[in-house]
Amino acid sequence: MSASPLALAGDAPVSTQRVVNDFSIQVATANGSGSQTANTVLMRSIFQMGVPVSGKNLFPSNIAGLPTWFTIRANHKGYIGRKKEYDFLVAMNPETAREDVEKLQPGGAAVYDEPLGLDKLRQDVVFYPVPFDKLAGPVCPEAKLRKLVRNMIYDGVVAHLLGIDFDEMRKALVKQFGPKKQKAAELNWGAVLAGKEYAEKNLPKRDRFFIEPMNKTQGKIIIDGNTAAALGCIFAGVTVLTWYPITPSSSLAEPLISYLERLRVDKESGEATFAVIQAEDELAAVGMAIGAGWAGARAMTCTSGPGISLMSEFIGLAYYAEIPVVIIDVQRVGPSTGLPTRTMQGDTLKNAVVSHGDTLHPILFPCSPEECFSMAQDAFDLAELYQTPVFVNTDLDLGMNNWMADPFTYPEKPEVRGKVLTAEDLNRLGGFARYRDVDGDAIPYRTLPGTNHPAAGYFTRGTGHTETAAYSEREDDFINNMDRLARKFEGLLNHLPPDETSVNPRARVGLLCCGTSRYAMEESQDQLAQEKGLETSRLRVRAFPFGPAVEDFIDRHDRVYVIDQNRDGQLLSLLKLRLSAERVAKLRSVRYYGGLPLDARTVTEAIVAQEGI
Amino acid sequence: MSASPLALAGDAPVSTQRVVNDFSIQVATANGSGSQTANTVLMRSIFQMGVPVSGKNLFPSNIAGLPTWFTIRANHKGYIGRKKEYDFLVAMNPETAREDVEKLQPGGAAVYDEPLGLDKLRQDVVFYPVPFDKLAGPVCPEAKLRKLVRNMIYDGVVAHLLGIDFDEMRKALVKQFGPKKQKAAELNWGAVLAGKEYAEKNLPKRDRFFIEPMNKTQGKIIIDGNTAAALGCIFAGVTVLTWYPITPSSSLAEPLISYLERLRVDKESGEATFAVIQAEDELAAVGMAIGAGWAGARAMTCTSGPGISLMSEFIGLAYYAEIPVVIIDVQRVGPSTGLPTRTMQGDTLKNAVVSHGDTLHPILFPCSPEECFSMAQDAFDLAELYQTPVFVNTDLDLGMNNWMADPFTYPEKPEVRGKVLTAEDLNRLGGFARYRDVDGDAIPYRTLPGTNHPAAGYFTRGTGHTETAAYSEREDDFINNMDRLARKFEGLLNHLPPDETSVNPRARVGLLCCGTSRYAMEESQDQLAQEKGLETSRLRVRAFPFGPAVEDFIDRHDRVYVIDQNRDGQLLSLLKLRLSAERVAKLRSVRYYGGLPLDARTVTEAIVAQEGI
Amino acid sequence: MSAVETPAPAPKKTNRLGFEIIQYRGGKTTLCAGCGHNAITERIIEACFEMDVQPWQVAKMSGIGCSSKTPAYFLGQSHGFNGVHGRAAATATGALLANKHLKCIVVSGDGDTASIGLGHFMHMLRRNPPLIYIIENNGVYGLTKGQFSATADVGSRLKSGTLNTLPPIDCCLIAIEMGATLVARSFSGDKKQLSVILKACLAHNGLAVVDVISPCTTFNDHDGSTKSYAYMKDHEEPIHELGWIPSYEDIHVEIEEGASQEVEMHDGSRLLIHKLEHDYDPTDKVRAIKYLHEASQRKEVLTGILYVDRGKQTLIEQLRLVGQPLATLPERLTRPPREALEKIMDEYR
Amino acid sequence: MSAVETPAPAPKKTNRLGFEIIQYRGGKTTLCAGCGHNAITERIIEACFEMDVQPWQVAKMSGIGCSSKTPAYFLGQSHGFNGVHGRAAATATGALLANKHLKCIVVSGDGDTASIGLGHFMHMLRRNPPLIYIIENNGVYGLTKGQFSATADVGSRLKSGTLNTLPPIDCCLIAIEMGATLVARSFSGDKKQLSVILKACLAHNGLAVVDVISPCTTFNDHDGSTKSYAYMKDHEEPIHELGWIPSYEDIHVEIEEGASQEVEMHDGSRLLIHKLEHDYDPTDKVRAIKYLHEASQRKEVLTGILYVDRGKQTLIEQLRLVGQPLATLPERLTRPPREALEKIMDEYR
Ligand SMILES: Cc1ncc(C[n+]2csc(CCOP(=O)(O)OP(=O)(O)O)c2C)c(N)n1
Ligand SMILES: Cc1ncc(C[n+]2csc(CCOP(=O)(O)OP(=O)(O)O)c2C)c(N)n1
Ligand code: SF4
Ligand code: SF4
Ligand SMILES: [Mg+2]
Ligand SMILES: [Mg+2]
């Protein structure tokens, strides 16, 4: 193997220019080997140097032993979507090492576990062998921990090679372990230093990649979407959480429970202002949340696709009987069990219409931790305001990966508790009709069980009913009520978060997406402009039903590409159901459904092909 | 009250012309009063006189005591859809009598239970009081049975007044009771005669309505759609039925079980060629059917909306793991429990996409007993041919009401069992790949468990898999498989029953519907032509995905009215998902969702309003 | 004189809340004449009246079925929730979480509870939510026209002659095993026993399960049925006679040594038990289970209060909920302060 | 000499079908090292090999979970069906309906069976389908990272310290009560006992339920867990020692009066039982139930064959299915003749 990158050989000539703050690091390990900590520390170190960064964890659906990849993308422009290609590899997993090296970009670099002997595989790549086991021994006398500590060694090696600031890395590491585990932190720091030293002595820099300080991350936080949503629920004042474990939504419920215990238990009495039940299944989970919502709690459940399917019947009840409940769907790849540790927007259409008969449900589509935080709050407000199930469709990419974000802002508005009549109201009014449209907004008034007034009681049912909640099989009662429900749904448009639009007045082409497709969409806009001279506008819908911005956006463009992370174009389908045929005629479809976070190149290629440019 | 119809007084002048074989009889009783038999005999008598007839039973969701109506429509032109108006009333139920009389058409007639004293309610109607209790006493010494026999008395009265042939009525009655209950039949016949005699002596004919013999029903049968579907399953060679009771699908499962016991048990050994399990819920019902389909049975379940919701998760598994199963959805009014004894096409869109993630399911839409019979067979063939769940969307109107029909024709083609490899095939081939598209039709081959060959085994899963059914989380494996499933779905177009079209070359306007909307659609065409001079064509889709006839039909017309028996225009929605925007632009919506069978007038009025004519 | 004959209460027009019994009635029943469920409805009305239940504190919960319709026929002033088939355990638990002060009365059927709802029923039992769960058990699905449910006995027959070959689910047995803290069986035709049982349930703080054999006159009251009025007349075996002394009545009762027992309920009322089956002890779980098994092998339908456990924590206690209902907590208690968010943000910086 | 020591079978390379043990293996496990489930997989492989099971007649069914993955790791030549979470009872029953000759082996987890799948599990028990239902019981949801399942004992703790306050579901108790005809409990670490139990299951014609305590090394093998290797070492109480004589071996065994018992299985094999708990009788349902209750109060985990009933009709027998699998009946047996349709049509004319 040659000694200098200038001497790299290969099919394609490889640039030898310095690449600063614009490349991807891929760490290939095995599941359960504890590499998560090392990877987070590495990512955080770059982040703390002010360089925009994103991390994607690609893990298998088992607990230990199968291949796992973590990709860190550093990008000075702030692109934080997935990039298909990676430039810098850390190859720790014998099972995938060969393929991992093969996929490395020409001109890339690979740190690898020396015994794997990968350096003969390619000529156009820089190799850095590291004898991890040998280095781990002295650092970590306890054999049991060595497997974990080994990973910290590559942090030291990589940091040295890329020029990452070791002070920042130490800070990141200390933070990661937290104040209670400082002994473990020191052990691991020893491993980092061992890696650093080994690299200093044995691995002269031969690749092109550098991290240099910037100031683009100041004040920002790093957090995963599920934790962000959990915090949103906390600050929304959630009082009842009923859930059933399922990847990737368990990691929303679990931090939520921790924060509830931390923030919502009276220090002295030990009394809780919340109730959490791990239910026996998803039917019970949503059923309890609906029971709680009916009785006035800010109630929620969180789940993923299979759970939604099981909740279908109950969701229809909540729609028809008008009961508030928040359902956070952290989407994973379906159909069926599908790829439970991969990401997809596979329930976009599904959730909007879930349950038999005529049902329609609002959905919020967060794209970032900030929106996970704010939309969780919106969801509770909307559910109680509209007395209906509200979906928050997030996904595994957003929920389980770490994202840079602005610190969340404390809610300025009070909790919206909707049209609930108290005993005093009833005294004043004399009585009420549960399903009457008093205010012309199709939203009726309700009372909570336990309201201390003889006129408070009413009977909730999933069967046909009159305005006064009496049983009815009459044609007119049924139609009137269904019409009111339809009007109520349209009313949502007044309260849903507005779509995010960026219109380029010169653009004839628009891009439209929801949720996490945002990152690929925005980066693709730049690719289209730079590579093909195609100027584009963009719109990200933030809720269903769609606001007026969508129609306006379509009207301003000749063609609008609807980006879907699913096979059947589910966002496009929803648009078809709601928009005039004239507008639908302008829509084109870009779909990806391989289970990885969407990347810009995929979007760009699809648009280039359809534009014929 | 005046003695002659000519002397009727009222706001509107009432025609006194004889009305022959073109009116509706409404019988108002209470649920559980046993009026079903009397009504069926009345309907059958008219049918046996050669007059086209239809009967609609409007019953409450309880077991006994609530108002129930049975409407018999006699129509010489053969219209057998519901008519809103009725002309001849039999008022037996004190609870509704007043309203029943008020809704009677001007110039109509009412037979009523004398103590109700209804004759002062209207001037423009002929009243016939009958002292039912007094008449019932002598006919039926057993007090317990008197409530039931009472109803037979009105048959005698009505038959006399309308000129129904008493020989035919006797035949109908004997048939109704069957050979084993001839004693009961005689008792009831006594009641008919008592009614006849009373009418002869006390009720001079003063109304305008007459039944006269015709020959339009010769060779026809009268049967309900659920029994017809059950027979379809029998002659499709169903081997496994797993179900959970729910109105209105229980009355499909129950005759199916009777026929299985009658036709599919070996007389000598008592051995059965079928298995039936009444499951503990719908999840188990469909799960067992899927297990059975996987292991090679012709397996089915039947249910209604709430059951489909509960089956959602399992249906997604069957889609993705490619397992044949037939699901008959006898639709009732949703959302939620809705109006469980009313009819709706509320699952048209829902069933097509049910389950989380990207799933798509074929649906057959029968409109008549004949199609219930034939499409049940098609469903089993398609399920095994395409290795996928197949829905048959029938509805309560079709399933639970009695319909005239042509006798069913014996299946001419053998059962289609699909691509199943036997041990001999495997010997020849050496092996197989469960999910490989060998024939270019995207349909893979399967083996059944228990196949006596070492290469037969494979592993079925709801998780990502390769062509050889091995576990895979790979992006390419997942995409390739999903693409194949999408192609397989399109292939269905080659095997689905073709749509029924009737194109009027002069028509600019088309009408499009599915299932039981057919009857109202066809009658409305005549109304539009006769009353407004609007000529129309029609298309009835018989399956989803839609065949090429739909596009062709739309292309031939300026506007196409899509008729939906649901609030959200679910058939229209499905069309929007599948058709080009240009074609969608021509679609208009006609929707009814009051729970009664659709009537022509509703369709006509909606079209007239939209056409502005 | 038997110990269980409590002094006959003077016929009263109003209860201690000043309510007449009519205020405990509901809509007119739409069930069949003679349906056992109607009798149970009457007993619920009486028990609530006599126990001075505040109607506005009651939440009536049910699934789907003839039985599940009955909450519309009692306590018309209370909130009611007739949900989906088999899932009242979930909605009722949820309602209690939102408002722990609710007096939750669940009415369910045997199909609702023991067929489709069995899983939820059992998991509810484990949690011991403080509510009353009544199963109106007729061995069939009344509302769907009389198919066997999972409580139908082996060997019982439908009118059509169809034979049930599957062993029945005994909801009381399961309830005792899985953790309910008051378990009783009764018969809709046994006015006196059912009344006392319902009162005991109302006084109990914990999950009270009552399995009431309630004949379906339309579909399951014929020969060959083991849930008919006639069958129950022959096979009901009360394990004790029950009496009731309300908490506010200060009456001393002579307890006959051995055969009788006085149990103080959570609200201070006293349940008087005069044993008919001498070795039956409703506080001994394992023995109760054994006894029930043996009785069912003898084809006896044991009725009475089969099991009581007054010591176990309720779900509400396990969750350590604050005094005020979660539903109406003010925002200041549910939304942590600004500083809390800032502190958390710092942790993620 | 103890009666249960069967003559050590000569180490054999192939079984009576001529298969080597490798033909009973499956794919490489992807479970954690040390996971109890892997040991169970091994025992299944051995038992099938030694019992001369024809792999092509086997259907392996499962739900979702680490446990439910294991059918991919044994009997690679058999058909397998890894369905949805908690519903293997349904798919397995369905498969048997289609082909009654299948040897159906269900592998499920405690979450799969006792949490989400409890209703289906219990209703399957009532039906007695002839299949083997193995519960790989670790008290947690392994695959979703270690939350408590419904079999977790009161007082057990997660690694995080979280305490379980809900009473556990004892799948064996329920199985005995609801109608399973062979019910056993074992421990993944108890090679010998588990082997004999699995053989007995393979020889049994009816529903055999085996609850195997199977420690989750990653999430539930710490102090405070009651499903850890260490806890099981201390608390396992075998009720008997078991021996096995295959049907084709004609060996006479001395039975020690009172303490030992020989049970002939449906296939003619003989199960030798040497009682350790002297008053335990696995054919007496009520006593077995009582015994289990008492043992669990003593915090003992009873293992062994807890209950056998060789007399009860299986589901297949109840349904009186024809000899040939329904799946492959020729059309002439499934489609009634033309005349049948004509006759029916006449009835509707
Ligand atoms: C999901 C679902 N499946 C089926 C039904 C149909 N259904 C209505 S009531 C009922 C059974 C009721 O039986 P039970 O609970 O015993 O009540 P009963 O009528 O006997 O009092 C069924 C199956 C339904 N409403 N929902
Ligand atoms: C409907 C549904 N809900 C939740 C899940 C998530 N899930 C996967 S495995 C599992 C629990 C498995 O626990 P157990 O059956 O005890 O198996 P173990 O992993 O412990 O062997 C859960 C909840 C799912 N796959 N499907
Ligand atoms: S059908 Fe049976 S359960 Fe239903 S109301 Fe009538 S008698 Fe009661
Ligand atoms: S997580 Fe637990 S149950 Fe799952 S494979 Fe690992 S040790 Fe076994
Ligand atoms: Mg019942
Ligand atoms: Mg487990």
# chains A, B, ... in the order shown; residues from 1 in each chain; ligands from 1
>>> interface_residues(of="chain C", to="chain D", cutoff="7 Å", atoms="only C-alpha atoms", output="NGL selection string")
:C and (118-119 or 126-127 or 166-167 or 286 or 290 or 293)
>>> interface_residues(of="chain A", to="chain C", cutoff="6 Å", atoms="only C-alpha atoms", output="list in words")
Ile221, Ile222, Phe235, Gly237, Glu271, Ala272, Thr273, Ala284, Gly287, Met288, Ala289, Gly291, Ala292, Ala295, Gly296, Ala297, Pro407, Pro449, Gly450, Asn452, Gly457, Tyr458, Phe459, Thr460 and Arg461 of chain A
>>> residues_around(residues="Val209 of chain D", least_positions_apart="6", cutoff="10 Å", atoms="only C-alpha atoms", output="compact mmCIF listing (two decimals) with N, CA, C and O atoms, in the first residue's frame")
# COMPACT_ATOMS: atom_id res chain seq x y z
N VAL D 106 -45.73 -24.70 18.43
CA VAL D 106 -45.82 -23.25 18.59
C VAL D 106 -44.75 -22.82 19.60
O VAL D 106 -44.62 -23.43 20.66
N LEU D 125 -56.99 -23.03 24.66
CA LEU D 125 -56.99 -24.07 25.68
C LEU D 125 -58.34 -24.79 25.74
O LEU D 125 -58.40 -26.01 25.87
N LEU D 131 -51.65 -29.86 19.48
CA LEU D 131 -50.40 -29.20 19.12
C LEU D 131 -49.58 -28.94 20.37
O LEU D 131 -50.07 -29.10 21.49
N ILE D 132 -48.33 -28.56 20.16
CA ILE D 132 -47.42 -28.29 21.27
C ILE D 132 -47.23 -26.79 21.38
O ILE D 132 -46.85 -26.14 20.40
N TYR D 133 -47.49 -26.26 22.55
CA TYR D 133 -47.40 -24.81 22.73
C TYR D 133 -46.34 -24.52 23.79
O TYR D 133 -46.55 -24.77 24.97
N ILE D 134 -45.20 -24.03 23.35
CA ILE D 134 -44.08 -23.76 24.26
C ILE D 134 -44.01 -22.28 24.57
O ILE D 134 -44.00 -21.44 23.66
N ILE D 135 -43.98 -21.96 25.85
CA ILE D 135 -43.83 -20.56 26.25
C ILE D 135 -42.42 -20.38 26.80
O ILE D 135 -42.05 -20.98 27.81
N CYS D 171 -49.16 -19.39 33.50
CA CYS D 171 -49.73 -20.00 32.30
C CYS D 171 -50.08 -21.47 32.53
O CYS D 171 -51.00 -21.99 31.88
N CYS D 172 -49.36 -22.14 33.40
CA CYS D 172 -49.67 -23.56 33.64
C CYS D 172 -50.99 -23.71 34.38
O CYS D 172 -51.82 -24.56 34.04
N ALA D 175 -53.64 -23.08 32.03
CA ALA D 175 -53.73 -24.16 31.05
C ALA D 175 -54.47 -25.35 31.65
O ALA D 175 -55.30 -25.98 31.00
N ILE D 176 -54.15 -25.66 32.90
CA ILE D 176 -54.82 -26.80 33.53
C ILE D 176 -56.31 -26.50 33.67
O ILE D 176 -57.16 -27.31 33.34
N ALA D 180 -56.21 -27.64 28.72
CA ALA D 180 -55.08 -28.27 28.04
C ALA D 180 -54.95 -29.68 28.60
O ALA D 180 -55.30 -29.94 29.76
N THR D 181 -54.45 -30.60 27.80
CA THR D 181 -54.46 -32.00 28.24
C THR D 181 -53.08 -32.51 28.63
O THR D 181 -52.95 -33.62 29.13
N LEU D 182 -52.04 -31.70 28.40
CA LEU D 182 -50.73 -31.99 28.98
C LEU D 182 -50.13 -30.65 29.33
O LEU D 182 -50.00 -29.77 28.47
N VAL D 183 -49.82 -30.48 30.59
CA VAL D 183 -49.30 -29.19 31.03
C VAL D 183 -48.01 -29.43 31.82
O VAL D 183 -48.00 -30.24 32.75
N ALA D 184 -46.96 -28.73 31.39
CA ALA D 184 -45.69 -28.94 32.06
C ALA D 184 -44.98 -27.62 32.26
O ALA D 184 -45.22 -26.64 31.55
N ARG D 185 -44.12 -27.60 33.29
CA ARG D 185 -43.24 -26.45 33.44
C ARG D 185 -41.82 -26.98 33.52
O ARG D 185 -41.58 -28.04 34.10
N LEU D 198 -40.48 -32.60 26.44
CA LEU D 198 -40.75 -32.35 25.02
C LEU D 198 -41.09 -33.64 24.30
O LEU D 198 -41.94 -33.67 23.40
N CYS D 201 -44.59 -34.42 25.02
CA CYS D 201 -45.46 -33.55 24.22
C CYS D 201 -45.59 -34.09 22.80
O CYS D 201 -46.68 -34.10 22.22
N ILE D 305 -44.11 -32.53 34.80
CA ILE D 305 -45.38 -32.65 34.08
C ILE D 305 -46.48 -32.47 35.11
O ILE D 305 -46.76 -33.33 35.92
N TYR D 307 -49.74 -31.83 34.74
CA TYR D 307 -51.08 -32.33 34.50
C TYR D 307 -51.15 -33.10 33.19
O TYR D 307 -50.54 -32.70 32.19
>>> interface_residues(of="chain A", to="chain B", cutoff="7 Å", atoms="only C-alpha atoms", output="MDAnalysis selection string")
chainID A and resid 305:306 309:310 312:313 316:317 320 333:339 346:347 350 355:359 462:464 473 475:476 478:479 566:568 573 576:577 581:582 584:585 593:595
>>> residues_near_ligand(ligand="ligand 3", cutoff="8 Å", atoms="only C-alpha atoms and all ligand atoms", output="list in words")
Asn62, Ile63 and Ala64 of chain B; Thr30, Leu31, Cys32, Ala33, Gly34, Cys35, Gly36, His37, Asn38, Gly65, Cys66, Ser67, Asn138, Val140, Tyr141, Gly142, Leu143, Thr144, Lys145, Gly146, Pro215, Cys216, Thr217, Thr218, Phe219 and Asn220 of chain C
>>> residues_around(residues="Ala39 of chain C", least_positions_apart="4", cutoff="9 Å", atoms="only C-alpha atoms", output="PyMOL selection string")
chain C and resi 34-35+43-44+188-189+191+214
>>> calpha_fit_rmsd(fixed="chain A", moving="chain B")
0.1 Å
